[in-house]
Amino acid sequence: MTDSTIDALNRKLDRLIEAVARLAPPPVPQTDIAAADCFVWQADPGYLEPVRKVNRVDIGLIRGVDHVRDILVDNTERFAAGFAANNVLLWGARGMGKSSLVKAVHAAVNASDKLDLPLKLIEIHREDIDTLPKLMALLKAAPFRFILFCDDLSFDHDDTSYKSLKAALEGGVEGRPANVIFYATSNRRHLLPRDMIDNERSTAINPSEAVEEKVSLSDRFGLWLGFHKCSQDEYLDMIDGYVRHHGLTIDPDTLRAEALEWATTRGSRSGRVAWQFTQDLAGRLGKPLKD
């Protein structure tokens, strides 16, 4: 075999190796739990992606939910300090700050300087709920304590992944690790469509047992915190808080009239509507909003 033939074979072999390497999956990034206080769970390939800048507001700007705010802060502080605490379901009206409150409480607890180690917040997407056991196995040996947070949690027809959540929260042989707690937000208190529960009742041999299977998922949450539509005064108080925080200058009577008109055109009053009005107002005034 001549040298030119060998060189040609080597070049072909190198191209073949490069082609095979491109087909191979990329290496799984290594999870560094100390890298940040907030993460997003990437179920495939299975690692925690650090979030350097969290999208959240100061807890003092969340108005109209003082009672549930205090309950959530107390529960979170106890858990972060190593004491007993409950899984929490924040349910109710859209736009009233359920997910914002979870992120704000996490930041407030970490800012209190009462903890030896920071409390970690991990967001898990609704479609990845069935990977909870994998995530918990990753976390249980870590020295930190973790809030697993799922925003807008609900289950549709023929969706059986709620059984994975039930087992992860309380069931199973090992149960939930002591350093993990689960917070979820939902527009529904029972997480499942009412007609789905009714259908189970009508087709089951023992209707009460079938309904109990569906409803018992919510029972895994020791705290149910309800969020209800805000009053006009609460809505205006939210806007006043945003305006002062962001340093927007406007006549109070004009602010009130424009805020009420904005709510009327939207057909609702909520924290989200108040924030959207504030963004519009800042844009019209040519003022930037604080980070």
# chains A, B, ... in the order shown; residues from 1 in each chain; ligands from 1

call {"tool": "residues_around", "arguments": {"residues": "A:Asp240", "least_positions_apart": "5", "cutoff": "10 Å", "atoms": "only C-alpha atoms", "output": "list in words"}}
result
Leu61, Glu234, Tyr235, His245, Leu248, Pro252, Leu255, Arg256, Ala259, Ala274 and Thr278 of chain A

call {"tool": "select_by_dssp", "arguments": {"residues": "stretch 128-173 of chain A", "states": "helix (DSSP H, G or I)", "output": "JSON, numbers by chain"}}
result
{"A": [128, 129, 130, 131, 132, 133, 134, 135, 136, 137, 138, 139, 162, 163, 164, 165, 166, 167, 168, 169]}

call {"tool": "atom_distance", "arguments": {"atom1": "atom CA of A:Thr76", "atom2": "atom CA of A:Asp44"}}
result
28.9 Å

call {"tool": "atom_distance", "arguments": {"atom1": "atom CA of A:Val73", "atom2": "atom CA of A:Thr185"}}
result
15.6 Å

call {"tool": "residues_around", "arguments": {"residues": "A:Ser186", "least_positions_apart": "4", "cutoff": "12 Å", "atoms": "only C-alpha atoms", "output": "number ranges by chain"}}
result
A: 88-99, 126, 149-155, 190-193, 218, 224-227

call {"tool": "closest_residue", "arguments": {"among": "A:Arg56, A:Arg78, A:His125, A:Arg63", "to": "A:Trp41", "atoms": "only C-alpha atoms"}}
result
A:His125

call {"tool": "atom_distance", "arguments": {"atom1": "atom CA of A:Leu148", "atom2": "atom CA of A:Ile124"}}
result
6.8 Å

call {"tool": "select_by_dssp", "arguments": {"residues": "stretch 28-163 of chain A", "states": "strand (DSSP E or B)", "output": "PyMOL selection string"}}
result
chain A and resi 38-42+47-50+88-92+120-123+146-150

call {"tool": "decode", "arguments": {"residues": "stretch 73-89 of chain A", "atoms": "all heavy atoms", "output": "PDB file, in the first residue's frame"}}
result
ATOM      1  N   VAL A  73     -44.768  33.888  53.791  1.00  0.00           N
ATOM      2  CA  VAL A  73     -43.474  34.276  54.348  1.00  0.00           C
ATOM      3  C   VAL A  73     -43.143  33.417  55.565  1.00  0.00           C
ATOM      4  O   VAL A  73     -42.017  32.909  55.705  1.00  0.00           O
ATOM      5  CB  VAL A  73     -43.475  35.772  54.732  1.00  0.00           C
ATOM      6  CG1 VAL A  73     -42.253  36.110  55.587  1.00  0.00           C
ATOM      7  CG2 VAL A  73     -43.491  36.642  53.484  1.00  0.00           C
ATOM      8  N   ASP A  74     -44.108  33.245  56.463  1.00  0.00           N
ATOM      9  CA  ASP A  74     -43.880  32.457  57.671  1.00  0.00           C
ATOM     10  C   ASP A  74     -43.536  31.009  57.326  1.00  0.00           C
ATOM     11  O   ASP A  74     -42.588  30.428  57.888  1.00  0.00           O
ATOM     12  CB  ASP A  74     -45.123  32.506  58.565  1.00  0.00           C
ATOM     13  CG  ASP A  74     -44.953  31.689  59.831  1.00  0.00           C
ATOM     14  OD1 ASP A  74     -44.088  32.030  60.657  1.00  0.00           O
ATOM     15  OD2 ASP A  74     -45.681  30.683  60.001  1.00  0.00           O
ATOM     16  N   ASN A  75     -44.279  30.417  56.413  1.00  0.00           N
ATOM     17  CA  ASN A  75     -44.026  29.028  56.016  1.00  0.00           C
ATOM     18  C   ASN A  75     -42.629  28.888  55.396  1.00  0.00           C
ATOM     19  O   ASN A  75     -41.894  27.938  55.677  1.00  0.00           O
ATOM     20  CB  ASN A  75     -45.090  28.573  55.014  1.00  0.00           C
ATOM     21  CG  ASN A  75     -45.065  27.085  54.744  1.00  0.00           C
ATOM     22  OD1 ASN A  75     -45.462  26.267  55.569  1.00  0.00           O
ATOM     23  ND2 ASN A  75     -44.574  26.708  53.573  1.00  0.00           N
ATOM     24  N   THR A  76     -42.263  29.855  54.560  1.00  0.00           N
ATOM     25  CA  THR A  76     -40.968  29.804  53.877  1.00  0.00           C
ATOM     26  C   THR A  76     -39.824  30.024  54.853  1.00  0.00           C
ATOM     27  O   THR A  76     -38.781  29.356  54.758  1.00  0.00           O
ATOM     28  CB  THR A  76     -40.925  30.858  52.756  1.00  0.00           C
ATOM     29  OG1 THR A  76     -42.054  30.688  51.893  1.00  0.00           O
ATOM     30  CG2 THR A  76     -39.661  30.718  51.929  1.00  0.00           C
ATOM     31  N   GLU A  77     -39.994  30.943  55.785  1.00  0.00           N
ATOM     32  CA  GLU A  77     -38.948  31.184  56.781  1.00  0.00           C
ATOM     33  C   GLU A  77     -38.716  29.950  57.640  1.00  0.00           C
ATOM     34  O   GLU A  77     -37.555  29.604  57.942  1.00  0.00           O
ATOM     35  CB  GLU A  77     -39.328  32.374  57.659  1.00  0.00           C
ATOM     36  CG  GLU A  77     -39.191  33.723  56.972  1.00  0.00           C
ATOM     37  CD  GLU A  77     -39.583  34.879  57.873  1.00  0.00           C
ATOM     38  OE1 GLU A  77     -40.332  34.645  58.851  1.00  0.00           O
ATOM     39  OE2 GLU A  77     -39.157  36.010  57.595  1.00  0.00           O
ATOM     40  N   ARG A  78     -39.797  29.281  58.042  1.00  0.00           N
ATOM     41  CA  ARG A  78     -39.640  28.074  58.855  1.00  0.00           C
ATOM     42  C   ARG A  78     -38.913  26.981  58.082  1.00  0.00           C
ATOM     43  O   ARG A  78     -38.028  26.303  58.616  1.00  0.00           O
ATOM     44  CB  ARG A  78     -41.003  27.578  59.333  1.00  0.00           C
ATOM     45  CG  ARG A  78     -41.564  28.413  60.478  1.00  0.00           C
ATOM     46  CD  ARG A  78     -42.794  27.792  61.090  1.00  0.00           C
ATOM     47  NE  ARG A  78     -43.985  28.027  60.286  1.00  0.00           N
ATOM     48  CZ  ARG A  78     -44.660  27.084  59.646  1.00  0.00           C
ATOM     49  NH1 ARG A  78     -44.266  25.828  59.690  1.00  0.00           N
ATOM     50  NH2 ARG A  78     -45.748  27.380  58.945  1.00  0.00           N
ATOM     51  N   PHE A  79     -39.273  26.809  56.829  1.00  0.00           N
ATOM     52  CA  PHE A  79     -38.614  25.789  56.015  1.00  0.00           C
ATOM     53  C   PHE A  79     -37.137  26.120  55.823  1.00  0.00           C
ATOM     54  O   PHE A  79     -36.269  25.251  55.970  1.00  0.00           O
ATOM     55  CB  PHE A  79     -39.304  25.681  54.650  1.00  0.00           C
ATOM     56  CG  PHE A  79     -38.587  24.787  53.689  1.00  0.00           C
ATOM     57  CD1 PHE A  79     -38.581  23.418  53.861  1.00  0.00           C
ATOM     58  CD2 PHE A  79     -37.895  25.328  52.613  1.00  0.00           C
ATOM     59  CE1 PHE A  79     -37.902  22.585  52.975  1.00  0.00           C
ATOM     60  CE2 PHE A  79     -37.215  24.507  51.722  1.00  0.00           C
ATOM     61  CZ  PHE A  79     -37.221  23.132  51.912  1.00  0.00           C
ATOM     62  N   ALA A  80     -36.842  27.381  55.498  1.00  0.00           N
ATOM     63  CA  ALA A  80     -35.451  27.782  55.266  1.00  0.00           C
ATOM     64  C   ALA A  80     -34.602  27.604  56.518  1.00  0.00           C
ATOM     65  O   ALA A  80     -33.394  27.329  56.426  1.00  0.00           O
ATOM     66  CB  ALA A  80     -35.403  29.236  54.796  1.00  0.00           C
ATOM     67  N   ALA A  81     -35.215  27.737  57.709  1.00  0.00           N
ATOM     68  CA  ALA A  81     -34.494  27.590  58.965  1.00  0.00           C
ATOM     69  C   ALA A  81     -34.362  26.138  59.395  1.00  0.00           C
ATOM     70  O   ALA A  81     -33.746  25.855  60.429  1.00  0.00           O
ATOM     71  CB  ALA A  81     -35.197  28.391  60.060  1.00  0.00           C
ATOM     72  N   GLY A  82     -34.946  25.221  58.620  1.00  0.00           N
ATOM     73  CA  GLY A  82     -34.814  23.804  58.937  1.00  0.00           C
ATOM     74  C   GLY A  82     -35.954  23.219  59.729  1.00  0.00           C
ATOM     75  O   GLY A  82     -35.874  22.076  60.187  1.00  0.00           O
ATOM     76  N   PHE A  83     -37.034  23.973  59.897  1.00  0.00           N
ATOM     77  CA  PHE A  83     -38.181  23.485  60.654  1.00  0.00           C
ATOM     78  C   PHE A  83     -39.260  22.946  59.723  1.00  0.00           C
ATOM     79  O   PHE A  83     -39.181  23.081  58.504  1.00  0.00           O
ATOM     80  CB  PHE A  83     -38.743  24.608  61.529  1.00  0.00           C
ATOM     81  CG  PHE A  83     -37.737  25.162  62.507  1.00  0.00           C
ATOM     82  CD1 PHE A  83     -37.328  26.486  62.424  1.00  0.00           C
ATOM     83  CD2 PHE A  83     -37.192  24.359  63.499  1.00  0.00           C
ATOM     84  CE1 PHE A  83     -36.396  27.001  63.302  1.00  0.00           C
ATOM     85  CE2 PHE A  83     -36.256  24.862  64.390  1.00  0.00           C
ATOM     86  CZ  PHE A  83     -35.854  26.182  64.288  1.00  0.00           C
ATOM     87  N   ALA A  84     -40.291  22.354  60.314  1.00  0.00           N
ATOM     88  CA  ALA A  84     -41.376  21.761  59.534  1.00  0.00           C
ATOM     89  C   ALA A  84     -42.156  22.847  58.793  1.00  0.00           C
ATOM     90  O   ALA A  84     -42.403  23.930  59.329  1.00  0.00           O
ATOM     91  CB  ALA A  84     -42.319  20.983  60.449  1.00  0.00           C
ATOM     92  N   ALA A  85     -42.537  22.544  57.553  1.00  0.00           N
ATOM     93  CA  ALA A  85     -43.315  23.478  56.734  1.00  0.00           C
ATOM     94  C   ALA A  85     -44.122  22.680  55.732  1.00  0.00           C
ATOM     95  O   ALA A  85     -43.868  21.486  55.494  1.00  0.00           O
ATOM     96  CB  ALA A  85     -42.396  24.468  56.020  1.00  0.00           C
ATOM     97  N   ASN A  86     -45.097  23.326  55.127  1.00  0.00           N
ATOM     98  CA  ASN A  86     -46.029  22.656  54.224  1.00  0.00           C
ATOM     99  C   ASN A  86     -45.763  22.980  52.762  1.00  0.00           C
ATOM    100  O   ASN A  86     -45.276  24.067  52.429  1.00  0.00           O
ATOM    101  CB  ASN A  86     -47.469  23.079  54.552  1.00  0.00           C
ATOM    102  CG  ASN A  86     -48.075  22.263  55.673  1.00  0.00           C
ATOM    103  OD1 ASN A  86     -48.171  21.044  55.580  1.00  0.00           O
ATOM    104  ND2 ASN A  86     -48.491  22.933  56.732  1.00  0.00           N
ATOM    105  N   ASN A  87     -46.121  22.025  51.890  1.00  0.00           N
ATOM    106  CA  ASN A  87     -46.261  22.346  50.473  1.00  0.00           C
ATOM    107  C   ASN A  87     -47.390  23.364  50.341  1.00  0.00           C
ATOM    108  O   ASN A  87     -48.350  23.347  51.113  1.00  0.00           O
ATOM    109  CB  ASN A  87     -46.614  21.089  49.666  1.00  0.00           C
ATOM    110  CG  ASN A  87     -45.547  20.015  49.784  1.00  0.00           C
ATOM    111  OD1 ASN A  87     -44.366  20.286  49.650  1.00  0.00           O
ATOM    112  ND2 ASN A  87     -45.969  18.790  50.035  1.00  0.00           N
ATOM    113  N   VAL A  88     -47.286  24.249  49.336  1.00  0.00           N
ATOM    114  CA  VAL A  88     -48.246  25.348  49.226  1.00  0.00           C
ATOM    115  C   VAL A  88     -48.846  25.390  47.825  1.00  0.00           C
ATOM    116  O   VAL A  88     -48.120  25.331  46.829  1.00  0.00           O
ATOM    117  CB  VAL A  88     -47.586  26.712  49.537  1.00  0.00           C
ATOM    118  CG1 VAL A  88     -48.626  27.831  49.485  1.00  0.00           C
ATOM    119  CG2 VAL A  88     -46.905  26.687  50.896  1.00  0.00           C
ATOM    120  N   LEU A  89     -50.161  25.512  47.771  1.00  0.00           N
ATOM    121  CA  LEU A  89     -50.889  25.747  46.522  1.00  0.00           C
ATOM    122  C   LEU A  89     -51.480  27.146  46.575  1.00  0.00           C
ATOM    123  O   LEU A  89     -52.309  27.455  47.431  1.00  0.00           O
ATOM    124  CB  LEU A  89     -52.009  24.710  46.341  1.00  0.00           C
ATOM    125  CG  LEU A  89     -52.924  24.936  45.134  1.00  0.00           C
ATOM    126  CD1 LEU A  89     -52.137  24.834  43.828  1.00  0.00           C
ATOM    127  CD2 LEU A  89     -54.085  23.930  45.134  1.00  0.00           C
TER     128      LEU A  89
END
